[in-house]
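Structure data follow from data_6.tsv (TSV, C-alpha atoms and all ligand atoms):
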chain	number	residue	atom	x	y	z
A	1	MET	CA	10.81	110.50	147.34
A	2	VAL	CA	12.25	113.91	147.80
A	3	ASN	CA	14.42	114.15	150.81
A	4	THR	CA	13.92	117.19	153.04
A	5	ALA	CA	17.66	117.72	153.23
A	6	THR	CA	17.76	118.06	149.44
A	7	ILE	CA	15.04	120.70	149.50
A	8	GLU	CA	16.81	122.50	152.32
A	9	GLU	CA	20.07	122.39	150.37
A	10	ALA	CA	18.43	123.82	147.27
A	11	LYS	CA	17.02	126.65	149.37
A	12	ILE	CA	20.42	127.43	150.84
A	13	ARG	CA	22.06	127.21	147.44
A	14	ALA	CA	19.57	129.78	146.11
A	15	LEU	CA	20.46	132.09	149.00
A	16	LEU	CA	24.17	131.65	148.34
A	17	GLU	CA	23.55	132.65	144.74
A	18	THR	CA	22.97	136.16	146.17
A	19	VAL	CA	26.42	136.30	147.80
A	20	LYS	CA	28.55	138.23	145.34
A	21	ASP	CA	32.25	138.82	145.09
A	22	PRO	CA	32.53	142.41	146.40
A	23	GLU	CA	35.17	143.20	143.78
A	24	ILE	CA	33.24	141.74	140.84
A	25	PRO	CA	29.65	142.25	141.97
A	26	VAL	CA	28.13	140.43	138.98
A	27	LEU	CA	29.61	137.10	140.08
A	28	SER	CA	28.21	135.01	142.89
A	29	ILE	CA	30.34	132.56	144.83
A	30	ILE	CA	28.60	129.83	142.86
A	31	ASP	CA	29.51	131.43	139.50
A	32	LEU	CA	33.10	131.61	140.72
A	33	GLY	CA	33.08	127.95	141.69
A	34	MET	CA	34.02	128.75	145.28
A	35	LEU	CA	31.22	126.75	146.91
A	36	ARG	CA	32.37	123.21	147.68
A	37	GLU	CA	29.66	121.74	149.86
A	38	ILE	CA	26.61	122.42	151.98
A	39	LYS	CA	26.37	120.09	154.95
A	40	ILE	CA	23.10	119.89	156.82
A	41	LYS	CA	22.67	118.09	160.10
A	42	ASP	CA	19.45	118.82	161.98
A	43	ASP	CA	19.52	122.60	162.39
A	44	LYS	CA	23.27	122.84	161.88
A	45	ILE	CA	24.47	124.16	158.53
A	46	GLU	CA	28.04	124.03	157.36
A	47	VAL	CA	29.08	125.88	154.23
A	48	VAL	CA	32.40	124.73	152.83
A	49	PHE	CA	34.13	127.02	150.39
A	50	THR	CA	37.50	127.48	148.71
A	51	PRO	CA	39.07	130.95	148.64
A	52	THR	CA	40.18	132.08	145.19
A	53	TYR	CA	43.53	133.75	145.92
A	54	SER	CA	45.67	133.58	149.07
A	55	GLY	CA	45.77	137.34	149.38
A	56	CYS	CA	42.27	138.12	148.20
A	57	PRO	CA	40.91	140.75	150.61
A	58	ALA	CA	37.38	139.78	149.58
A	59	THR	CA	37.59	136.37	151.26
A	60	ASP	CA	36.82	137.55	154.80
A	61	MET	CA	33.96	139.66	153.54
A	62	ILE	CA	32.49	136.79	151.51
A	63	SER	CA	32.57	134.51	154.49
A	64	ALA	CA	30.89	137.16	156.68
A	65	THR	CA	28.24	137.75	154.00
A	66	ILE	CA	27.41	134.05	153.73
A	67	LYS	CA	26.79	133.96	157.46
A	68	MET	CA	24.70	137.12	157.39
A	69	VAL	CA	22.52	136.06	154.45
A	70	LEU	CA	21.78	132.70	156.04
A	71	GLN	CA	21.02	134.25	159.41
A	72	GLU	CA	18.66	136.75	157.87
A	73	ASN	CA	16.78	133.81	156.43
A	74	GLY	CA	16.37	131.98	159.67
A	75	TYR	CA	19.44	129.78	159.74
A	76	SER	CA	21.05	130.66	163.04
A	77	ASN	CA	23.40	127.72	163.48
A	78	VAL	CA	25.83	128.32	160.64
A	79	LYS	CA	29.45	127.32	160.38
A	80	ILE	CA	31.70	128.50	157.55
A	81	THR	CA	34.67	126.34	156.69
A	82	SER	CA	37.36	127.40	154.28
A	83	VAL	CA	39.39	124.64	152.61
A	84	LEU	CA	42.57	125.31	150.67
A	85	SER	CA	43.01	121.96	148.99
A	86	PRO	CA	42.26	121.16	146.22
A	87	ALA	CA	43.27	124.70	145.30
A	88	TRP	CA	40.72	126.83	143.50
A	89	THR	CA	41.25	127.19	139.77
A	90	THR	CA	39.66	129.37	137.12
A	91	ASP	CA	38.49	126.10	135.50
A	92	TRP	CA	35.85	125.93	138.25
A	93	MET	CA	34.17	129.10	137.09
A	94	THR	CA	30.79	128.24	135.56
A	95	GLU	CA	29.91	128.97	131.93
A	96	GLU	CA	27.17	131.24	133.27
A	97	GLY	CA	29.82	133.06	135.32
A	98	LYS	CA	32.04	133.52	132.27
A	99	LYS	CA	29.15	135.05	130.33
A	100	LYS	CA	28.35	137.46	133.17
A	101	LEU	CA	32.00	138.41	133.42
A	102	LYS	CA	32.22	139.21	129.73
A	103	SER	CA	29.11	141.37	129.69
A	104	TYR	CA	30.54	143.19	132.71
A	105	GLY	CA	33.56	144.11	130.56
A	106	ILE	CA	36.11	141.64	131.93
A	107	ALA	CA	37.54	139.03	129.57
A	108	PRO	CA	36.79	135.60	131.11
A	109	PRO	CA	39.64	133.13	131.66
A	110	ASN	CA	40.55	131.16	128.56
A	111	PRO	CA	39.35	127.56	128.69
A	112	LYS	CA	42.81	126.18	128.19
A	113	GLN	CA	45.13	128.17	130.38
A	114	GLN	CA	48.35	128.95	128.63
A	115	VAL	CA	50.43	130.92	131.10
A	116	CYS	CA	50.84	128.79	134.23
A	117	HIS	CA	54.47	127.95	133.60
A	118	GLN	CA	57.87	129.47	134.08
A	119	GLU	CA	58.97	130.22	130.52
A	120	LEU	CA	60.24	133.78	130.23
A	121	PHE	CA	59.46	136.51	127.71
A	122	LEU	CA	56.83	134.53	125.86
A	123	PRO	CA	54.38	136.22	123.49
A	124	ASP	CA	51.18	137.40	125.19
A	125	GLU	CA	48.39	134.96	125.66
A	126	ALA	CA	45.70	135.58	123.04
A	127	VAL	CA	42.70	137.15	124.76
A	128	GLN	CA	39.48	138.25	123.13
A	129	CYS	CA	38.28	141.83	123.67
A	130	PRO	CA	35.08	141.67	125.77
A	131	ARG	CA	33.69	144.75	123.99
A	132	CYS	CA	34.19	144.19	120.26
A	133	ASP	CA	35.22	140.48	120.24
A	134	SER	CA	38.47	141.23	118.41
A	135	TRP	CA	41.44	138.93	119.03
A	136	ASN	CA	43.74	141.75	118.05
A	137	THR	CA	44.72	142.66	121.63
A	138	HIS	CA	47.92	142.97	123.63
A	139	ARG	CA	48.91	142.67	127.25
A	140	ILE	CA	49.82	145.85	129.10
A	141	SER	CA	50.64	144.22	132.42
A	142	GLU	CA	50.50	140.77	133.91
A	143	PHE	CA	49.26	142.30	137.15
A	144	GLY	CA	46.03	144.27	137.16
A	145	SER	CA	43.62	146.08	139.45
A	146	THR	CA	43.15	143.01	141.65
A	147	ALA	CA	45.10	139.79	142.22
A	148	CYS	CA	42.92	137.91	139.76
A	149	LYS	CA	43.38	140.15	136.75
A	150	ALA	CA	45.86	141.11	134.06
A	151	LEU	CA	45.58	144.33	132.10
A	152	TYR	CA	45.06	144.18	128.32
A	153	GLN	CA	44.25	146.62	125.55
A	154	CYS	CA	42.28	146.05	122.38
A	155	ASP	CA	44.12	147.15	119.23
A	156	ASP	CA	40.87	147.49	117.26
A	157	CYS	CA	38.48	149.40	119.52
A	158	LYS	CA	41.45	150.71	121.59
A	159	GLU	CA	39.69	150.05	124.91
A	160	PRO	CA	41.81	148.81	127.79
A	161	PHE	CA	40.22	145.90	129.65
A	162	ASP	CA	40.83	143.46	132.49
A	163	TYR	CA	41.47	139.80	131.82
A	164	PHE	CA	40.65	137.27	134.52
A	165	LYS	CA	43.97	135.48	134.43
A	166	CYS	CA	45.22	131.96	134.77
A	167	HIS	CA	45.02	130.40	138.19
B	168	MET	CA	57.90	117.44	167.92
B	169	LYS	CA	54.90	119.75	167.64
B	170	TYR	CA	57.18	122.62	168.72
B	171	ALA	CA	59.35	122.08	165.66
B	172	LEU	CA	56.29	122.26	163.43
B	173	ILE	CA	55.11	125.46	165.12
B	174	ASP	CA	58.52	127.07	164.71
B	175	TYR	CA	58.81	125.97	161.12
B	176	THR	CA	55.35	127.30	160.31
B	177	LEU	CA	56.22	130.59	162.00
B	178	HIS	CA	59.42	130.75	159.95
B	179	LEU	CA	57.35	130.45	156.75
B	180	ALA	CA	54.83	133.00	158.02
B	181	ASP	CA	57.48	135.51	159.11
B	182	THR	CA	59.44	135.23	155.87
B	183	THR	CA	56.43	135.90	153.67
B	184	LEU	CA	55.16	138.68	155.97
B	185	ILE	CA	58.46	140.56	156.10
B	186	LEU	CA	58.98	140.34	152.35
B	187	ALA	CA	55.42	141.59	151.85
B	188	GLN	CA	56.12	144.48	154.22
B	189	ARG	CA	59.32	145.38	152.36
B	190	ASN	CA	57.70	145.22	148.92
B	191	ALA	CA	54.77	147.29	150.17
B	192	GLU	CA	57.16	150.20	150.70
B	193	TRP	CA	57.04	150.59	146.91
B	194	CYS	CA	53.30	151.31	146.99
B	195	GLY	CA	52.88	154.65	145.24
B	196	HIS	CA	56.61	154.83	144.46
B	197	GLY	CA	57.01	152.27	141.65
B	198	PRO	CA	58.99	153.30	138.56
B	199	ILE	CA	55.84	153.20	136.41
B	200	LEU	CA	52.21	152.61	137.32
B	201	GLU	CA	52.02	149.05	135.94
B	202	GLN	CA	55.07	147.95	137.89
B	203	ASP	CA	53.84	149.70	141.02
B	204	ILE	CA	50.72	147.57	140.67
B	205	ALA	CA	52.79	144.46	139.97
B	206	ILE	CA	54.93	144.75	143.10
B	207	THR	CA	51.92	145.50	145.30
B	208	ASN	CA	50.05	142.53	143.80
B	209	ILE	CA	53.01	140.37	144.74
B	210	THR	CA	52.86	141.92	148.20
B	211	LEU	CA	49.24	140.94	148.54
B	212	ASP	CA	49.96	137.35	147.48
B	213	LEU	CA	52.75	137.08	150.04
B	214	LEU	CA	50.57	138.62	152.75
B	215	GLY	CA	47.85	136.09	151.95
B	216	GLN	CA	50.34	133.26	152.21
B	217	SER	CA	51.65	134.57	155.51
B	218	ARG	CA	48.12	134.83	156.91
B	219	ASN	CA	47.51	131.19	156.03
B	220	PHE	CA	50.74	130.18	157.78
B	221	TYR	CA	49.99	132.34	160.86
B	222	GLN	CA	46.46	130.97	161.12
B	223	TYR	CA	47.84	127.46	161.02
B	224	ALA	CA	50.53	128.27	163.59
B	225	ALA	CA	47.90	129.84	165.84
B	226	SER	CA	45.76	126.71	165.64
B	227	LEU	CA	48.78	124.59	166.61
B	228	ILE	CA	49.67	126.86	169.52
B	229	GLY	CA	46.10	127.10	170.79
B	230	HIS	CA	45.22	129.20	173.86
B	231	ASN	CA	44.64	132.76	172.74
B	232	ALA	CA	47.07	132.79	169.84
B	233	SER	CA	45.76	134.39	166.65
B	234	GLU	CA	47.24	135.45	163.34
B	235	ASP	CA	47.22	139.03	164.64
B	236	SER	CA	48.92	138.31	167.95
B	237	LEU	CA	51.63	136.36	166.14
B	238	ALA	CA	52.30	139.05	163.57
B	239	TYR	CA	51.89	142.12	165.77
B	240	LEU	CA	53.00	141.14	169.23
B	241	ARG	CA	56.16	139.05	168.89
B	242	LYS	CA	59.56	140.58	169.45
B	243	GLU	CA	62.40	140.87	166.99
B	244	ARG	CA	64.29	137.91	168.43
B	245	GLU	CA	61.17	135.76	168.08
B	246	PHE	CA	60.91	136.42	164.34
B	247	LYS	CA	62.30	133.58	162.24
B	248	ASN	CA	62.31	135.10	158.77
B	249	LEU	CA	65.21	134.73	156.34
B	250	LEU	CA	67.75	137.54	156.50
B	251	LEU	CA	67.39	137.99	152.74
B	252	VAL	CA	63.83	139.28	152.92
B	253	GLU	CA	64.51	141.96	155.54
B	254	GLN	CA	67.21	143.66	153.44
B	255	PRO	CA	66.32	147.17	152.26
B	256	ASN	CA	64.68	147.84	148.90
B	257	LYS	CA	67.37	150.31	147.83
B	258	ASP	CA	66.63	150.56	144.07
B	259	TRP	CA	64.39	148.64	141.69
B	260	GLY	CA	67.33	146.38	140.82
B	261	GLN	CA	67.91	145.27	144.39
B	262	THR	CA	64.18	144.81	145.00
B	263	THR	CA	63.64	142.64	141.93
B	264	LEU	CA	66.83	140.67	142.59
B	265	ARG	CA	65.70	139.97	146.18
B	266	GLN	CA	62.32	138.84	144.86
B	267	PHE	CA	64.03	136.69	142.25
B	268	LEU	CA	66.42	134.95	144.68
B	269	PHE	CA	63.54	134.30	147.05
B	270	SER	CA	60.85	133.28	144.54
B	271	GLN	CA	63.09	130.78	142.78
B	272	PHE	CA	63.69	129.17	146.18
B	273	HIS	CA	60.11	129.52	147.38
B	274	PHE	CA	58.74	127.81	144.28
B	275	PHE	CA	60.79	124.65	144.78
B	276	LEU	CA	60.13	124.69	148.53
B	277	LEU	CA	56.37	124.86	147.96
B	278	GLU	CA	56.69	122.05	145.46
B	279	GLN	CA	58.24	119.91	148.18
B	280	LEU	CA	55.80	121.00	150.91
B	281	GLN	CA	52.94	120.08	148.63
B	282	LYS	CA	54.14	116.48	148.75
B	283	GLY	CA	55.25	116.69	152.37
B	284	ASN	CA	53.81	114.88	155.38
B	285	ASP	CA	51.91	117.79	156.90
B	286	THR	CA	48.54	118.09	155.21
B	287	GLN	CA	47.84	121.71	156.14
B	288	LEU	CA	51.24	122.94	154.97
B	289	ALA	CA	50.69	120.91	151.81
B	290	ALA	CA	47.34	122.61	151.25
B	291	ILE	CA	48.79	126.10	151.76
B	292	ALA	CA	51.65	125.22	149.42
B	293	GLU	CA	49.26	123.93	146.77
B	294	LYS	CA	47.44	127.25	146.91
B	295	SER	CA	50.56	129.42	146.99
B	296	ILE	CA	52.53	127.78	144.21
B	297	LYS	CA	50.27	129.15	141.50
B	298	GLU	CA	50.86	132.79	142.39
B	299	THR	CA	54.53	132.07	143.09
B	300	THR	CA	54.86	130.93	139.48
B	301	TYR	CA	53.91	134.45	138.45
B	302	HIS	CA	56.46	135.92	140.86
B	303	VAL	CA	59.21	133.70	139.50
B	304	ARG	CA	58.51	134.76	135.97
B	305	TRP	CA	58.09	138.45	136.70
B	306	SER	CA	61.25	138.74	138.80
B	307	SER	CA	63.36	136.62	136.42
B	308	GLU	CA	62.38	138.86	133.54
B	309	TRP	CA	63.40	141.94	135.52
B	310	VAL	CA	66.78	140.46	136.42
B	311	ILE	CA	67.43	139.78	132.73
B	312	ARG	CA	66.06	143.12	131.58
B	313	LEU	CA	68.25	145.08	133.99
B	314	GLY	CA	71.34	142.84	133.93
B	315	ASP	CA	71.41	142.81	130.14
B	316	GLY	CA	70.18	146.41	129.91
B	317	THR	CA	72.24	149.59	130.01
B	318	GLU	CA	75.67	150.01	131.52
B	319	GLU	CA	74.13	151.61	134.56
B	320	SER	CA	71.37	149.04	135.08
B	321	HIS	CA	73.98	146.29	134.75
B	322	GLN	CA	76.19	147.96	137.34
B	323	ARG	CA	73.29	148.34	139.74
B	324	MET	CA	72.48	144.65	139.41
B	325	GLU	CA	76.10	143.77	140.13
B	326	ASN	CA	75.91	145.97	143.23
B	327	ALA	CA	72.68	144.29	144.31
B	328	ILE	CA	74.26	140.85	143.94
B	329	GLU	CA	77.20	142.05	146.01
B	330	GLU	CA	74.73	143.17	148.67
B	331	LEU	CA	72.38	140.18	148.73
B	332	TRP	CA	74.29	137.08	147.70
B	333	ARG	CA	75.69	136.49	151.20
B	334	TYR	CA	72.17	135.90	152.52
B	335	THR	CA	71.25	133.16	150.05
B	336	ASP	CA	72.88	130.19	151.75
B	337	GLU	CA	70.61	130.58	154.75
B	338	MET	CA	67.74	129.22	152.65
B	339	PHE	CA	69.55	125.89	152.37
B	340	THR	CA	71.07	125.69	155.84
B	341	PRO	CA	68.61	123.90	158.12
B	342	VAL	CA	68.25	125.01	161.74
B	343	GLU	CA	67.12	122.82	164.61
B	344	TYR	CA	63.39	123.00	164.00
B	345	GLU	CA	63.93	121.99	160.38
B	346	ASN	CA	65.72	118.78	161.23
B	347	GLU	CA	62.52	116.76	161.34
B	348	SER	CA	60.93	118.39	158.31
B	349	SER	CA	60.63	116.44	155.11
B	350	VAL	CA	62.34	119.19	153.11
B	351	ASP	CA	65.30	118.00	151.05
B	352	PHE	CA	67.60	121.02	151.29
B	353	LYS	CA	70.22	119.56	149.00
B	354	GLU	CA	67.76	119.06	146.21
B	355	LEU	CA	66.36	122.53	146.82
B	356	LYS	CA	69.75	124.11	146.44
B	357	THR	CA	70.61	122.19	143.28
B	358	LYS	CA	67.37	123.19	141.58
B	359	TRP	CA	67.60	126.79	142.78
B	360	LEU	CA	71.22	127.23	141.71
B	361	ASN	CA	70.48	125.70	138.36
B	362	ASN	CA	67.76	128.26	137.65
B	363	VAL	CA	69.73	131.17	139.05
B	364	LYS	CA	72.68	130.26	136.81
B	365	LYS	CA	70.42	130.09	133.77
B	366	VAL	CA	68.87	133.50	134.41
B	367	PHE	CA	72.18	135.11	135.38
B	368	ALA	CA	73.79	133.83	132.18
B	369	GLU	CA	71.06	135.46	130.13
B	370	ALA	CA	71.36	138.60	132.23
B	371	THR	CA	75.16	138.67	131.73
B	372	LEU	CA	75.57	138.63	135.51
B	373	THR	CA	78.05	136.54	137.45
B	374	ILE	CA	77.62	134.52	140.61
B	375	PRO	CA	80.14	135.56	143.27
B	376	GLU	CA	82.58	132.90	144.33
B	377	ASN	CA	83.75	132.02	147.81
B	378	GLU	CA	81.63	134.69	149.39
B	379	PHE	CA	81.15	134.72	153.14
B	380	MET	CA	77.66	133.51	153.95
B	381	GLN	CA	75.64	135.10	156.72
B	382	THR	CA	72.94	133.13	158.54
B	383	GLY	CA	70.94	133.70	161.73
B	384	GLY	CA	67.49	134.99	160.79
B	385	LYS	CA	65.85	131.59	161.03
B	386	SER	CA	66.96	131.38	164.67
B	387	GLY	CA	65.99	134.96	165.49
B	388	VAL	CA	69.37	136.67	165.07
B	389	HIS	CA	68.71	139.45	162.60
B	390	THR	CA	70.45	142.25	160.75
B	391	GLU	CA	69.91	145.79	162.01
B	392	HIS	CA	67.01	146.22	159.58
B	393	LEU	CA	64.33	144.02	161.14
B	394	GLY	CA	63.81	146.17	164.23
B	395	TYR	CA	62.89	149.16	162.07
B	396	ILE	CA	60.50	147.09	159.96
B	397	LEU	CA	58.75	145.79	163.07
B	398	SER	CA	58.49	149.18	164.72
B	399	ASP	CA	56.60	150.31	161.64
B	400	LEU	CA	54.55	147.14	161.25
B	401	GLN	CA	53.64	146.73	164.91
B	402	TYR	CA	53.29	150.39	165.88
B	403	LEU	CA	49.50	150.53	165.96
B	404	GLN	CA	48.92	147.38	168.01
B	405	ARG	CA	51.73	148.30	170.40
B	406	THR	CA	50.39	151.81	170.94
B	407	PHE	CA	46.70	150.93	171.05
B	408	PRO	CA	46.55	147.27	172.09
B	409	GLY	CA	43.59	145.45	170.57
B	410	ALA	CA	42.64	148.34	168.29
B	411	THR	CA	40.23	147.37	165.51
B	412	TRP	CA	38.29	149.19	162.83
A	501	ZN	ZN	37.92	145.77	121.26
Let me see the file written as C-alpha cells.
Ligand SMILES: [Zn+2]
Amino acid sequence: MVNTATIEEAKIRALLETVKDPEIPVLSIIDLGMLREIKIKDDKIEVVFTPTYSGCPATDMISATIKMVLQENGYSNVKITSVLSPAWTTDWMTEEGKKKLKSYGIAPPNPKQQVCHQELFLPDEAVQCPRCDSWNTHRISEFGSTACKALYQCDDCKEPFDYFKCH
Amino acid sequence: MKYALIDYTLHLADTTLILAQRNAEWCGHGPILEQDIAITNITLDLLGQSRNFYQYAASLIGHNASEDSLAYLRKEREFKNLLLVEQPNKDWGQTTLRQFLFSQFHFFLLEQLQKGNDTQLAAIAEKSIKETTYHVRWSSEWVIRLGDGTEESHQRMENAIEELWRYTDEMFTPVEYENESSVDFKELKTKWLNNVKKVFAEATLTIPENEFMQTGGKSGVHTEHLGYILSDLQYLQRTFPGATW
C-alpha cells in the first residue's frame, strides 16, 4: 500500500528539485546534497537542510526560495530548519550533480579528496579540465570566485576554469 | 552557568567578526588579484562562522536578541574578541602573520570544541574546521614565503612578530567565563607552539623570548583600535536604526 505521506514527500521533493543554488544555477539543492529530510505531519511541512559553507551568502536565499516555492504550490505551513552537523561535504553531491557541474564548465570535486590536510607547499591536486578532459592542468589559486571553488588553468586548451574544491 | 556559555559564545563570535572586518579592509587592495580573492574568501568564511556563533548566542539570550543586534548594537567594552585580531593590517606580512597566529590556534580550538560538551558549539566547530584547514595552510605558506624571502620581506616579518607576539598569550589565558568550558588551554598552547615553531624554523624567523604579554580583550578591555573598527562596522545601524535593504 502506498502511503499518502510518501506521495506527498515525492511531490515536495520534485518541487525542491527546482530550487537552485543562485551562484551555480544548474545545481539544485538535491544535486548538491543539501537536503537532509522532509518531515510531514498533517499539513505541517518541515524541510531540513545542511548549508554548504559557513559563509556562503547563498544560504539565506536558498532557504527563502524553498519557502516560496512550497507556498506557491499550496503548502502554507512550512518550516525550514538548518542543521550544521554532520557537516556538509562534497562527497554528498550526487553523480547527476557532478555531470551537470562539468557541462556547466566547472570541474566537479574529485571523488577522493586529496587536499583536506595541513601539509604545506604540496604539488597541485590533479584536476581534469571540464572542457577538453585533459589532466594537464595547474592550479592558479586555492581560492576562487566563490568560497566553494579554486581557480585552475588547462595547459592544453589554455582555458582557465573553476574547480569545486575539497570540503 | 548559562551566562558563561553566552559570554564564551560571544567571545567566539566577536573574535571571528573582528578578524573578518580587518581582513575585509584588503578588498580591492590585495597585492595581486588572486591573493585579494584569497583574503576576502577567508573573510567570508570567518563572517559565516561569526554569524553561526551570534545566532547561537542570540538563541541563548532570548528576548529580542538577534545576530544583528549583537554585532551592530553592542559597545566596545562589551566586545570580547582577542586583542590579536583587532590589530591593524599594516602590510601583507603583518596581515598574514596575524592570520597565521590565529588560524593555528583556531584550528586546535575547533578540534576541541567539536568533542566538547555543548552540541551546538560542536556542530559549528565541525563545520568551521574544514575551511580553517585552508586558512592554516594558506597563512603558513605566506609566513614561510615572506620570512624566507628577500631581505626586506624577512625584515617586515620580524617587525610584524615584534608587533603581534605580545597578544598571543591571551589565547591561552582563560578568563572567568572560560573556567567552566571543556577547553584544555594547556594542550592548546602546546600544539599551537609546536606548529608555530615548525613554521618559523622554515621561515628563518625567531620566536621572541621573555616578551611582555598583553591581555584584556576577552574581558572587554581593548587596544585603541577596536573603537575605530566598530565605528565603521556599526555606523549604518547606529545612524539609521533598523535600516534594511
Ligand atoms: Zn582543457
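Residues in contact with Leu16 in chain A at up to 12 Å, not including ones fewer than 5 positions away on its chain and judged by only C-alpha atoms, are Glu9, Ala10, Lys11, Asp21, Leu27, Ser28, Ile29, Ile30, Asp31, Leu32, Gly33, Met34, Leu35, Arg36, Glu37, Ile38, Val47, Val48, Phe49, Ile62, Ser63, Thr65, Ile66, Lys67, Met68, Val69, Leu70, Gln71 and Asn73 of chain A.
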Dump C-alpha atoms for the selected residues as an mmCIF file, in the coordinates of the input?
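Okay, selection-v4.cif is ready:
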data_model
loop_
_atom_site.group_PDB
_atom_site.id
_atom_site.type_symbol
_atom_site.label_atom_id
_atom_site.label_comp_id
_atom_site.auth_asym_id
_atom_site.auth_seq_id
_atom_site.Cartn_x
_atom_site.Cartn_y
_atom_site.Cartn_z
ATOM 1 C CA GLU A 9 20.070 122.390 150.370
ATOM 2 C CA ALA A 10 18.430 123.820 147.270
ATOM 3 C CA LYS A 11 17.020 126.650 149.370
ATOM 4 C CA ASP A 21 32.250 138.820 145.090
ATOM 5 C CA LEU A 27 29.610 137.100 140.080
ATOM 6 C CA SER A 28 28.210 135.010 142.890
ATOM 7 C CA ILE A 29 30.340 132.560 144.830
ATOM 8 C CA ILE A 30 28.600 129.830 142.860
ATOM 9 C CA ASP A 31 29.510 131.430 139.500
ATOM 10 C CA LEU A 32 33.100 131.610 140.720
ATOM 11 C CA GLY A 33 33.080 127.950 141.690
ATOM 12 C CA MET A 34 34.020 128.750 145.280
ATOM 13 C CA LEU A 35 31.220 126.750 146.910
ATOM 14 C CA ARG A 36 32.370 123.210 147.680
ATOM 15 C CA GLU A 37 29.660 121.740 149.860
ATOM 16 C CA ILE A 38 26.610 122.420 151.980
ATOM 17 C CA VAL A 47 29.080 125.880 154.230
ATOM 18 C CA VAL A 48 32.400 124.730 152.830
ATOM 19 C CA PHE A 49 34.130 127.020 150.390
ATOM 20 C CA ILE A 62 32.490 136.790 151.510
ATOM 21 C CA SER A 63 32.570 134.510 154.490
ATOM 22 C CA THR A 65 28.240 137.750 154.000
ATOM 23 C CA ILE A 66 27.410 134.050 153.730
ATOM 24 C CA LYS A 67 26.790 133.960 157.460
ATOM 25 C CA MET A 68 24.700 137.120 157.390
ATOM 26 C CA VAL A 69 22.520 136.060 154.450
ATOM 27 C CA LEU A 70 21.780 132.700 156.040
ATOM 28 C CA GLN A 71 21.020 134.250 159.410
ATOM 29 C CA ASN A 73 16.780 133.810 156.430
#
Grab me every residue within 12 Å of ligand ZN 501 (chain A), counting only C-alpha atoms and all ligand atoms, and send it over as a VMD selection string.
-> chain A and resid 105 to 107 127 to 138 152 to 162
Mind listing whatever residues come within 8 Å of the point (49.0, 144.8, 132.1)? Use only C-alpha atoms, file coordinates, and give them as number ranges by chain.
-> A: 139-144, 150-152; B: 201
Can I get the selected residues back with C-alpha atoms, as a CSV table (one decimal), in the coordinates of the input?
chain,number,residue,atom,x,y,z
A,139,ARG,CA,48.9,142.7,127.2
A,140,ILE,CA,49.8,145.8,129.1
A,141,SER,CA,50.6,144.2,132.4
A,142,GLU,CA,50.5,140.8,133.9
A,143,PHE,CA,49.3,142.3,137.2
A,144,GLY,CA,46.0,144.3,137.2
A,150,ALA,CA,45.9,141.1,134.1
A,151,LEU,CA,45.6,144.3,132.1
A,152,TYR,CA,45.1,144.2,128.3
B,201,GLU,CA,52.0,149.0,135.9
Tell me the residues of chain A close to chain B, meaning within 8 Å using only C-alpha atoms, as a ChimeraX atom specification.
-> /A:53-56,84-88,116-121,140-147,167
Selection from above, C-alpha atoms, as a compact mmCIF listing (two decimals), in the coordinates of the input, can you write it?
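The resulting file, part-v3.txt, is reproduced below:
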# COMPACT_ATOMS: atom_id res chain seq x y z
CA TYR A 53 43.53 133.75 145.92
CA SER A 54 45.67 133.58 149.07
CA GLY A 55 45.77 137.34 149.38
CA CYS A 56 42.27 138.12 148.20
CA LEU A 84 42.57 125.31 150.67
CA SER A 85 43.01 121.96 148.99
CA PRO A 86 42.26 121.16 146.22
CA ALA A 87 43.27 124.70 145.30
CA TRP A 88 40.72 126.83 143.50
CA CYS A 116 50.84 128.79 134.23
CA HIS A 117 54.47 127.95 133.60
CA GLN A 118 57.87 129.47 134.08
CA GLU A 119 58.97 130.22 130.52
CA LEU A 120 60.24 133.78 130.23
CA PHE A 121 59.46 136.51 127.71
CA ILE A 140 49.82 145.85 129.10
CA SER A 141 50.64 144.22 132.42
CA GLU A 142 50.50 140.77 133.91
CA PHE A 143 49.26 142.30 137.15
CA GLY A 144 46.03 144.27 137.16
CA SER A 145 43.62 146.08 139.45
CA THR A 146 43.15 143.01 141.65
CA ALA A 147 45.10 139.79 142.22
CA HIS A 167 45.02 130.40 138.19
For the atom pair CA of Glu23 in chain A and CA of Trp92 in chain A, what is the interatomic distance in Å to one decimal place?
-> 18.1 Å
Compare B:Lys358, B:Lys247, B:Arg405, B:His392 by their minimum atom-to-atom distance to Leu184 in chain B, counting all atoms listed in the file, and give me the closest one.
->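 Among the listed residues, the smallest separation from Leu184 in chain B belongs to B:Lys247.
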Work out how far apart CA of Gly195 in chain B and CA of Tyr395 in chain B are and give it in Å to one decimal.
->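 According to the coordinates, CA of Gly195 in chain B and CA of Tyr395 in chain B are separated by 20.3 Å.
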Could you please determine the separation between CA of Val342 in chain B and CA of Phe246 in chain B in Å, to one decimal place?
-> 13.8 Å
For Leu355 in chain B, please output as a PDB file with C-alpha atoms, keeping the file's coordinate frame all residues within 8 Å (counting all atoms listed in the file; exclusion window: fewer than 5 positions along the same chain).
ATOM      1  CA  PHE B 272      63.690 129.170 146.180  1.00  0.00           C
ATOM      2  CA  PHE B 275      60.790 124.650 144.780  1.00  0.00           C
ATOM      3  CA  LEU B 276      60.130 124.690 148.530  1.00  0.00           C
ATOM      4  CA  PHE B 339      69.550 125.890 152.370  1.00  0.00           C
TER       5      PHE B 339
END
Shell of 12 Å around Tyr175 in chain B, only C-alpha atoms, local chain residues under 2 positions omitted, as JSON, numbers by chain = {"B": [168, 169, 170, 171, 172, 173, 177, 178, 179, 180, 181, 182, 220, 221, 223, 224, 227, 246, 247, 248, 249, 280, 285, 288, 341, 342, 343, 344, 345, 346, 347, 348, 349, 350, 385, 386]}
For Asp43 in chain A: contacts at 10 Å, only C-alpha atoms, fewer than 5 positions along chain excluded, given as a count of residues only = 4
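For Gly314 in chain B, the non-local neighbours within 6 Å, defined as residues at least 6 positions apart in the same chain or in other chains and counting all atoms listed in the file, are His321, Met324 and Ala370 of chain B.
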